[in-house]
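K.L.:
my_file_20.txt is reproduced in full below (compact mmCIF, C-alpha atoms).
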```txt
# COMPACT_ATOMS: atom_id res chain seq x y z
CA MET A 1 -0.59 10.13 -9.43
CA VAL A 2 -2.74 9.02 -6.51
CA ILE A 3 -3.48 5.42 -5.60
CA LEU A 4 -6.71 4.69 -3.78
CA LYS A 5 -6.79 1.38 -1.94
CA VAL A 6 -10.13 -0.34 -1.51
CA ASP A 7 -10.73 -3.48 0.52
CA ILE A 8 -13.88 -5.49 -0.19
CA ASP A 9 -14.63 -8.53 1.92
CA ILE A 10 -17.07 -10.22 -0.47
CA LYS A 11 -16.31 -12.86 -3.07
CA MET A 12 -17.64 -12.05 -6.54
CA ASN A 13 -18.05 -13.93 -9.78
CA LYS A 14 -16.40 -12.65 -12.98
CA ARG A 15 -19.46 -10.72 -14.18
CA LEU A 16 -20.06 -9.02 -10.84
CA LEU A 17 -16.36 -8.18 -10.48
CA ARG A 18 -16.37 -6.56 -13.94
CA GLU A 19 -19.50 -4.60 -13.05
CA PHE A 20 -17.99 -3.59 -9.72
CA ILE A 21 -14.89 -2.21 -11.44
CA GLU A 22 -16.99 -0.37 -14.04
CA THR A 23 -19.21 1.19 -11.38
CA ARG A 24 -16.07 2.42 -9.52
CA ARG A 25 -15.05 4.15 -12.76
CA VAL A 26 -18.52 5.71 -13.03
CA ILE A 27 -18.46 6.92 -9.41
CA LEU A 28 -15.05 8.54 -9.88
CA SER A 29 -15.90 10.14 -13.21
CA TYR A 30 -19.17 11.50 -11.69
CA LEU A 31 -17.03 13.08 -8.96
CA GLY A 32 -14.75 14.57 -11.61
CA TYR A 33 -11.70 12.30 -11.37
CA ASN A 34 -9.88 10.58 -14.23
CA VAL A 35 -9.12 6.91 -13.64
CA ARG A 36 -5.86 5.61 -15.09
CA SER A 37 -6.09 1.99 -14.08
CA ILE A 38 -7.74 -0.38 -11.63
CA VAL A 39 -5.90 -3.46 -10.36
CA ALA A 40 -7.88 -6.15 -8.56
CA GLN A 41 -6.28 -8.84 -6.44
CA GLU A 42 -8.24 -11.72 -4.97
CA THR A 43 -7.71 -12.27 -1.25
CA GLU A 44 -8.86 -14.85 1.27
CA HIS A 45 -12.16 -13.05 1.98
CA GLY A 46 -12.68 -10.89 -1.10
CA TYR A 47 -10.66 -8.43 -3.14
CA HIS A 48 -8.11 -5.67 -2.85
CA PHE A 49 -8.33 -2.86 -5.41
CA TRP A 50 -5.66 -0.35 -6.34
CA ILE A 51 -7.28 2.54 -8.21
CA ASP A 52 -4.88 4.90 -9.90
CA ILE A 53 -6.30 8.39 -10.51
CA GLU A 54 -4.64 11.25 -12.36
CA ASP A 55 -5.76 14.09 -10.13
CA HIS A 56 -4.02 15.20 -6.96
CA VAL A 57 -6.11 14.93 -3.80
CA ASP A 58 -5.27 15.58 -0.15
CA GLN A 59 -5.32 12.91 2.57
CA LYS A 60 -8.82 13.76 3.83
CA ARG A 61 -10.29 13.56 0.35
CA LYS A 62 -8.49 10.26 -0.28
CA ALA A 63 -10.13 8.80 2.83
CA GLU A 64 -13.51 10.12 1.69
CA LEU A 65 -13.10 8.73 -1.82
CA GLN A 66 -12.15 5.29 -0.52
CA PHE A 67 -15.26 5.31 1.65
CA LEU A 68 -17.43 6.35 -1.33
CA LEU A 69 -15.89 3.55 -3.41
CA GLY A 70 -17.15 0.99 -0.92
CA ASP A 71 -14.08 0.44 1.26
CA ASP A 72 -14.57 -1.69 4.37
CA GLN A 73 -16.55 0.51 6.82
CA ARG A 74 -14.45 -0.27 9.88
CA ARG A 75 -11.32 0.54 7.90
CA ALA A 76 -12.94 3.76 6.64
CA ARG A 77 -13.73 4.87 10.21
CA TYR A 78 -10.08 4.56 11.23
CA ASN A 79 -8.95 6.11 7.95
CA PHE A 80 -10.82 9.31 8.83
CA LEU A 81 -8.90 9.48 12.13
CA ARG A 82 -5.63 8.83 10.29
CA ALA A 83 -6.41 11.57 7.76
CA GLU A 84 -7.23 13.98 10.57
CA LEU A 85 -3.75 13.34 11.99
CA GLN A 86 -2.04 13.59 8.58
CA ALA A 87 -1.04 9.94 8.83
CA PHE A 88 -3.39 8.53 6.21
CA ASP A 89 -0.74 7.64 3.64
CA THR A 90 1.31 5.71 6.19
CA PHE A 91 -1.55 3.70 7.65
CA ASN A 92 -3.72 3.19 4.58
CA ALA A 93 -2.54 -0.39 4.19
CA LEU A 94 -3.57 -3.33 2.07
CA PHE A 95 -1.52 -6.08 3.61
CA SER A 96 0.70 -8.27 1.48
CA GLU A 97 0.66 -10.66 4.42
CA LYS A 98 -2.26 -10.61 6.83
CA ILE A 99 -1.31 -11.77 10.32
CA LYS A 100 -3.96 -10.61 12.84
CA GLU A 101 -2.18 -12.26 15.76
CA ARG A 102 -2.29 -11.19 19.38
CA VAL A 103 1.11 -10.59 20.90
CA SER A 104 1.90 -13.33 23.40
CA LEU A 105 2.68 -12.60 27.02
CA TRP A 106 6.00 -14.35 26.58
CA LYS A 107 6.93 -11.98 23.74
CA VAL A 108 6.01 -8.93 25.84
CA ILE A 109 8.16 -10.20 28.73
CA LYS A 110 11.03 -11.01 26.36
CA ILE A 111 11.00 -7.48 24.88
CA TRP A 112 10.71 -5.90 28.32
CA LEU A 113 13.74 -7.88 29.55
CA LYS A 114 15.70 -7.02 26.43
CA VAL A 115 15.04 -3.29 26.90
CA LYS A 116 15.89 -3.40 30.61
CA LEU A 117 19.12 -5.28 29.85
CA LYS A 118 20.05 -2.71 27.21
CA LEU A 119 19.41 0.11 29.69
CA LEU A 120 21.52 -1.63 32.31
CA LEU A 121 24.39 -2.14 29.86
CA ASN A 122 24.16 1.50 28.80
CA SER A 123 24.34 2.66 32.42
CA VAL A 124 27.41 0.47 32.98
CA THR A 125 29.17 1.74 29.86
CA GLY A 126 28.19 5.33 30.63
CA LYS A 127 25.83 5.78 27.70
CA SER A 128 22.54 7.31 28.72
CA ARG A 129 19.28 6.34 27.12
CA LYS A 130 15.80 7.29 28.17
CA TRP A 131 13.19 4.53 28.43
CA MET B 1 14.20 -20.37 -5.71
CA ALA B 2 12.03 -17.40 -6.68
CA ARG B 3 9.75 -15.75 -4.16
CA VAL B 4 6.79 -13.54 -4.99
CA TRP B 5 4.90 -10.98 -2.91
CA ILE B 6 2.07 -8.60 -3.71
CA ASP B 7 3.31 -5.02 -3.96
CA ALA B 8 1.15 -3.06 -1.52
CA ASP B 9 1.74 0.19 -3.43
CA THR B 10 0.63 -0.83 -6.91
CA GLY B 11 -1.03 -4.25 -6.69
CA ASN B 12 1.62 -5.76 -8.97
CA GLU B 13 4.11 -8.44 -7.94
CA ILE B 14 7.54 -8.16 -6.37
CA ILE B 15 9.69 -11.09 -7.43
CA PHE B 16 12.96 -12.13 -5.84
CA PHE B 17 15.33 -14.56 -7.53
CA TYR B 18 18.96 -15.46 -8.00
CA ARG B 19 20.71 -15.23 -11.34
CA ARG B 20 24.35 -16.32 -11.66
CA GLY B 21 24.55 -16.35 -7.89
CA ARG B 22 23.41 -12.75 -7.47
CA PRO B 23 20.09 -11.76 -5.84
CA TYR B 24 17.64 -9.59 -7.78
CA LEU B 25 14.34 -7.89 -7.02
CA TYR B 26 11.97 -6.92 -9.80
CA LEU B 27 8.51 -5.43 -10.02
CA ARG B 28 6.45 -7.39 -12.53
CA ASP B 29 2.98 -7.09 -13.96
CA ARG B 30 0.44 -9.22 -12.15
CA LYS B 31 -1.29 -10.43 -15.32
CA THR B 32 1.29 -10.47 -18.12
CA LYS B 33 4.22 -11.36 -15.78
CA ARG B 34 6.40 -8.88 -17.66
CA PHE B 35 9.08 -7.08 -15.70
CA ILE B 36 8.22 -3.43 -15.07
CA LYS B 37 11.42 -2.33 -13.34
CA ARG B 38 14.31 -3.53 -11.26
CA LEU B 39 14.06 -2.69 -7.58
CA MET B 40 17.20 -1.81 -5.68
CA LYS B 41 15.28 -1.83 -2.38
CA ILE B 42 11.86 -2.69 -1.04
CA GLU B 43 10.11 -1.30 1.99
CA ILE B 44 8.81 -3.55 4.75
CA ARG B 45 6.06 -2.11 6.93
CA VAL B 46 4.79 -3.88 10.03
CA PHE B 47 1.46 -2.70 11.44
CA ILE B 48 0.47 -3.13 15.06
CA VAL B 49 -2.92 -2.14 16.41
CA ILE B 50 -4.33 -1.83 19.91
CA GLU B 51 -8.05 -1.53 20.46
CA TYR B 52 -8.64 -1.10 24.16
CA PRO B 53 -12.34 -0.22 24.22
CA GLU B 54 -14.40 1.15 27.10
CA THR B 55 -15.91 -2.28 27.72
CA ILE B 56 -12.58 -3.66 28.94
CA ALA B 57 -10.79 -0.49 30.05
CA LYS B 58 -10.81 -0.71 33.85
CA LYS B 59 -10.35 2.98 34.64
CA LYS B 60 -12.59 4.08 31.81
CA ASN B 61 -9.54 5.06 29.84
CA PRO B 62 -10.06 3.51 26.41
CA VAL B 63 -7.47 3.92 23.70
CA TYR B 64 -7.00 3.15 20.04
CA ILE B 65 -3.39 2.87 18.84
CA ASP B 66 -1.99 2.46 15.34
CA ASN B 67 1.70 1.77 15.10
CA VAL B 68 3.91 1.13 12.10
CA THR B 69 7.61 0.31 11.92
CA ILE B 70 9.30 0.62 8.54
CA THR B 71 12.66 -0.28 7.08
CA THR B 72 14.04 -0.78 3.60
CA ILE B 73 16.01 -3.80 2.52
CA THR B 74 18.25 -4.56 -0.43
CA PRO B 75 18.12 -7.96 -2.24
CA GLU B 76 21.10 -9.19 -0.17
CA PHE B 77 18.95 -9.18 2.98
CA ILE B 78 15.89 -10.97 1.55
CA GLU B 79 17.05 -14.30 2.98
CA LYS B 80 16.82 -12.70 6.43
CA ILE B 81 13.31 -11.33 5.83
CA HIS B 82 11.65 -13.44 8.52
CA GLU B 83 14.17 -12.25 11.10
CA ILE B 84 13.71 -8.62 9.98
CA LYS B 85 9.92 -8.92 10.30
CA GLU B 86 10.26 -10.28 13.84
CA ASP B 87 12.65 -7.47 14.72
CA LEU B 88 10.22 -4.86 13.39
CA ILE B 89 7.40 -6.40 15.44
CA ASP B 90 9.62 -6.26 18.55
CA LYS B 91 10.50 -2.63 17.84
CA GLY B 92 6.83 -1.74 17.39
CA ILE B 93 5.93 -3.33 20.73
CA GLU B 94 8.90 -1.62 22.40
CA ILE B 95 7.63 1.76 21.16
CA ILE B 96 4.15 1.07 22.58
CA MET B 97 5.71 0.05 25.91
CA ARG B 98 7.78 3.21 25.99
CA LYS B 99 4.93 5.51 25.02
CA PHE B 100 2.22 3.92 27.14
CA SER B 101 2.82 1.02 29.52
CA THR B 102 4.13 -2.53 29.47
CA PRO B 103 0.76 -4.18 30.34
CA LEU B 104 -0.97 -2.35 27.48
CA ALA B 105 1.42 -3.98 25.02
CA TYR B 106 -0.24 -7.28 25.84
CA TYR B 107 -3.38 -6.03 24.04
CA ALA B 108 -1.41 -5.45 20.84
CA THR B 109 -2.32 -7.26 17.65
CA VAL B 110 0.09 -7.56 14.76
CA SER B 111 -2.38 -6.84 11.99
CA GLY B 112 -0.23 -7.35 8.92
CA ILE B 113 2.81 -6.69 6.81
CA GLU B 114 3.19 -4.69 3.63
CA TYR B 115 5.94 -5.07 1.06
CA GLY B 116 6.18 -1.89 -0.96
CA SER B 117 8.07 -1.01 -4.12
CA LYS B 118 7.87 2.71 -3.31
CA ILE B 119 10.45 3.96 -0.85
CA THR B 120 8.68 6.48 1.34
CA ARG B 121 11.21 6.77 4.20
CA LYS B 122 14.97 7.17 4.06
CA VAL B 123 15.90 4.36 6.41
CA ALA B 124 17.98 1.31 5.63
CA TYR B 125 18.35 -2.08 7.27
CA PRO B 126 20.40 -2.88 9.35
CA LYS B 127 21.20 0.75 10.35
CA GLU B 128 17.88 2.27 11.24
CA TYR B 129 14.10 2.01 11.17
CA TYR B 130 11.27 4.52 11.06
CA TYR B 131 8.26 4.48 13.34
CA GLU B 132 4.99 6.32 13.41
CA ILE B 133 2.36 6.01 16.09
CA ILE B 134 -1.06 7.58 16.37
CA TRP B 135 -3.48 7.27 19.24
CA LYS B 136 -6.83 8.50 20.41
CA HIS B 137 -8.51 8.02 23.77
CA ARG B 138 -12.13 9.07 23.38
CA PRO B 139 -14.27 9.91 20.34
CA LYS B 140 -14.59 13.57 21.37
CA GLU B 141 -10.87 14.02 22.03
CA LYS B 142 -8.33 14.88 19.36
CA GLY B 143 -5.92 12.17 18.33
CA LYS B 144 -2.15 12.47 18.70
CA LYS B 145 0.77 11.45 16.55
CA GLU B 146 4.46 10.81 16.99
CA GLU B 147 7.06 9.75 14.47
CA GLY B 148 10.80 9.34 14.27
CA ILE B 149 13.83 7.42 13.11
CA GLU B 150 15.71 5.20 15.53
CA ILE B 151 18.95 3.29 15.33
CA TRP B 152 18.49 -0.46 15.29
```
Output the structure of this file as structure tokens.
P.N.:
Amino acid sequence: MVILKVDIDIKMNKRLLREFIETRRVILSYLGYNVRSIVAQETEHGYHFWIDIEDHVDQKRKAELQFLLGDDQRRARYNFLRAELQAFDTFNALFSEKIKERVSLWKVIKIWLKVKLKLLLNSVTGKSRKW
Amino acid sequence: MARVWIDADTGNEIIFFYRRGRPYLYLRDRKTKRFIKRLMKIEIRVFIVIEYPETIAKKKNPVYIDNVTITTITPEFIEKIHEIKEDLIDKGIEIIMRKFSTPLAYYATVSGIEYGSKITRKVAYPKEYYYEIIWKHRPKEKGKKEEGIEIW
């Protein structure tokens, strides 16, 4: 079982959504894959799709299939890099909670101090830990 | 009170609730709301991204970084989920600081969080967490990857 995750940032009406799902089935069957199920979830900007296919495919092919199914192009570009590094499955995310928040300077300083303090404590107690 | 999240692995729902004072996690169908299976654990994945393009890289040393920190939690820890998320974000930033430099961490963006019903890594909160980081400097260069399990 392989799950393909597709992110579409366009809102669709019911008819178009149905047609979109059907055309994904057609694309996959043309490429020789058997679709088990397609789950669509509405998001703030569009839809997330989970497409379950029967056939086993490697990470590179998964990235290619997601691109062919209309996945967000920016996401697809990074997915190819992730597949090249055998990290596609880990980073192929459809967020349950989208944050998109820059880390504050205060947070960076806080973490830096925490790490330095930990290192200092380790040196006092005799435990060694590399930065 | 019940809490519901979208399962990032299947598109169904993960529901958390108390029954007779005990916490439970179940995977349920998104449409019919029928329970599919009981979950003993769920996986929390925090994604951090750094895009440091050539336009802002002072020494012409652009970099793209993808970082994920993962842990699994049992229903007993769901009440602490906000704290766990914050800890995972901190750990992700700490890894970037360690691997690259402290100033670069300031360019980090926490892109999102996934709650998954499939356990992909054998790590458990509060003992340990898993991290994976990939990076690439220039389009023509090959990317690099590092992964590991660390104690909390």
K.L.:
Enter the distance from CA of Asp29 in chain B to CA of Thr43 in chain A, in Å, rounded to one decimal.
P.N.:
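Here the two named atoms are 17.4 Å from each other.
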K.L.:
Taking all atoms listed in the file into account, what are the residues of chain B at most 6 Å from chain A, put as a PyMOL selection string?
P.N.:
chain B and resi 6+8+108-114
K.L.:
Compile the contact shell of range 136-138 of chain B as an MDAnalysis selection string: residues with an atom at most 6 Å away, counting all atoms listed in the file, same-chain residues fewer than 6 positions apart removed.
P.N.:
chainID B and resid 62:64
K.L.:
Just to confirm, what's the straight-line distance from CA of Asp90 in chain B to CA of Thr102 in chain B in Å (one decimal)?
P.N.:
12.8 Å
K.L.:
Find the residues around Tyr130 in chain B up to 8 Å (all atoms listed in the file counted), leave out those fewer than 5 positions away in its own chain, and share them as a PDB file with C-alpha atoms, in the coordinates of the input.
P.N.:
```pdb
ATOM      1  CA  THR B  69       7.610   0.310  11.920  1.00  0.00           C
ATOM      2  CA  ILE B  70       9.300   0.620   8.540  1.00  0.00           C
ATOM      3  CA  THR B  71      12.660  -0.280   7.080  1.00  0.00           C
ATOM      4  CA  ARG B 121      11.210   6.770   4.200  1.00  0.00           C
ATOM      5  CA  VAL B 123      15.900   4.360   6.410  1.00  0.00           C
ATOM      6  CA  GLU B 147       7.060   9.750  14.470  1.00  0.00           C
ATOM      7  CA  GLY B 148      10.800   9.340  14.270  1.00  0.00           C
ATOM      8  CA  ILE B 149      13.830   7.420  13.110  1.00  0.00           C
ATOM      9  CA  GLU B 150      15.710   5.200  15.530  1.00  0.00           C
TER      10      GLU B 150
END
```
K.L.:
Which value, in Å to one decimal, gives the distance between CA of Leu68 in chain A and CA of Arg24 in chain A?
P.N.:
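Result for CA of Leu68 in chain A versus CA of Arg24 in chain A: 9.2 Å, one decimal.
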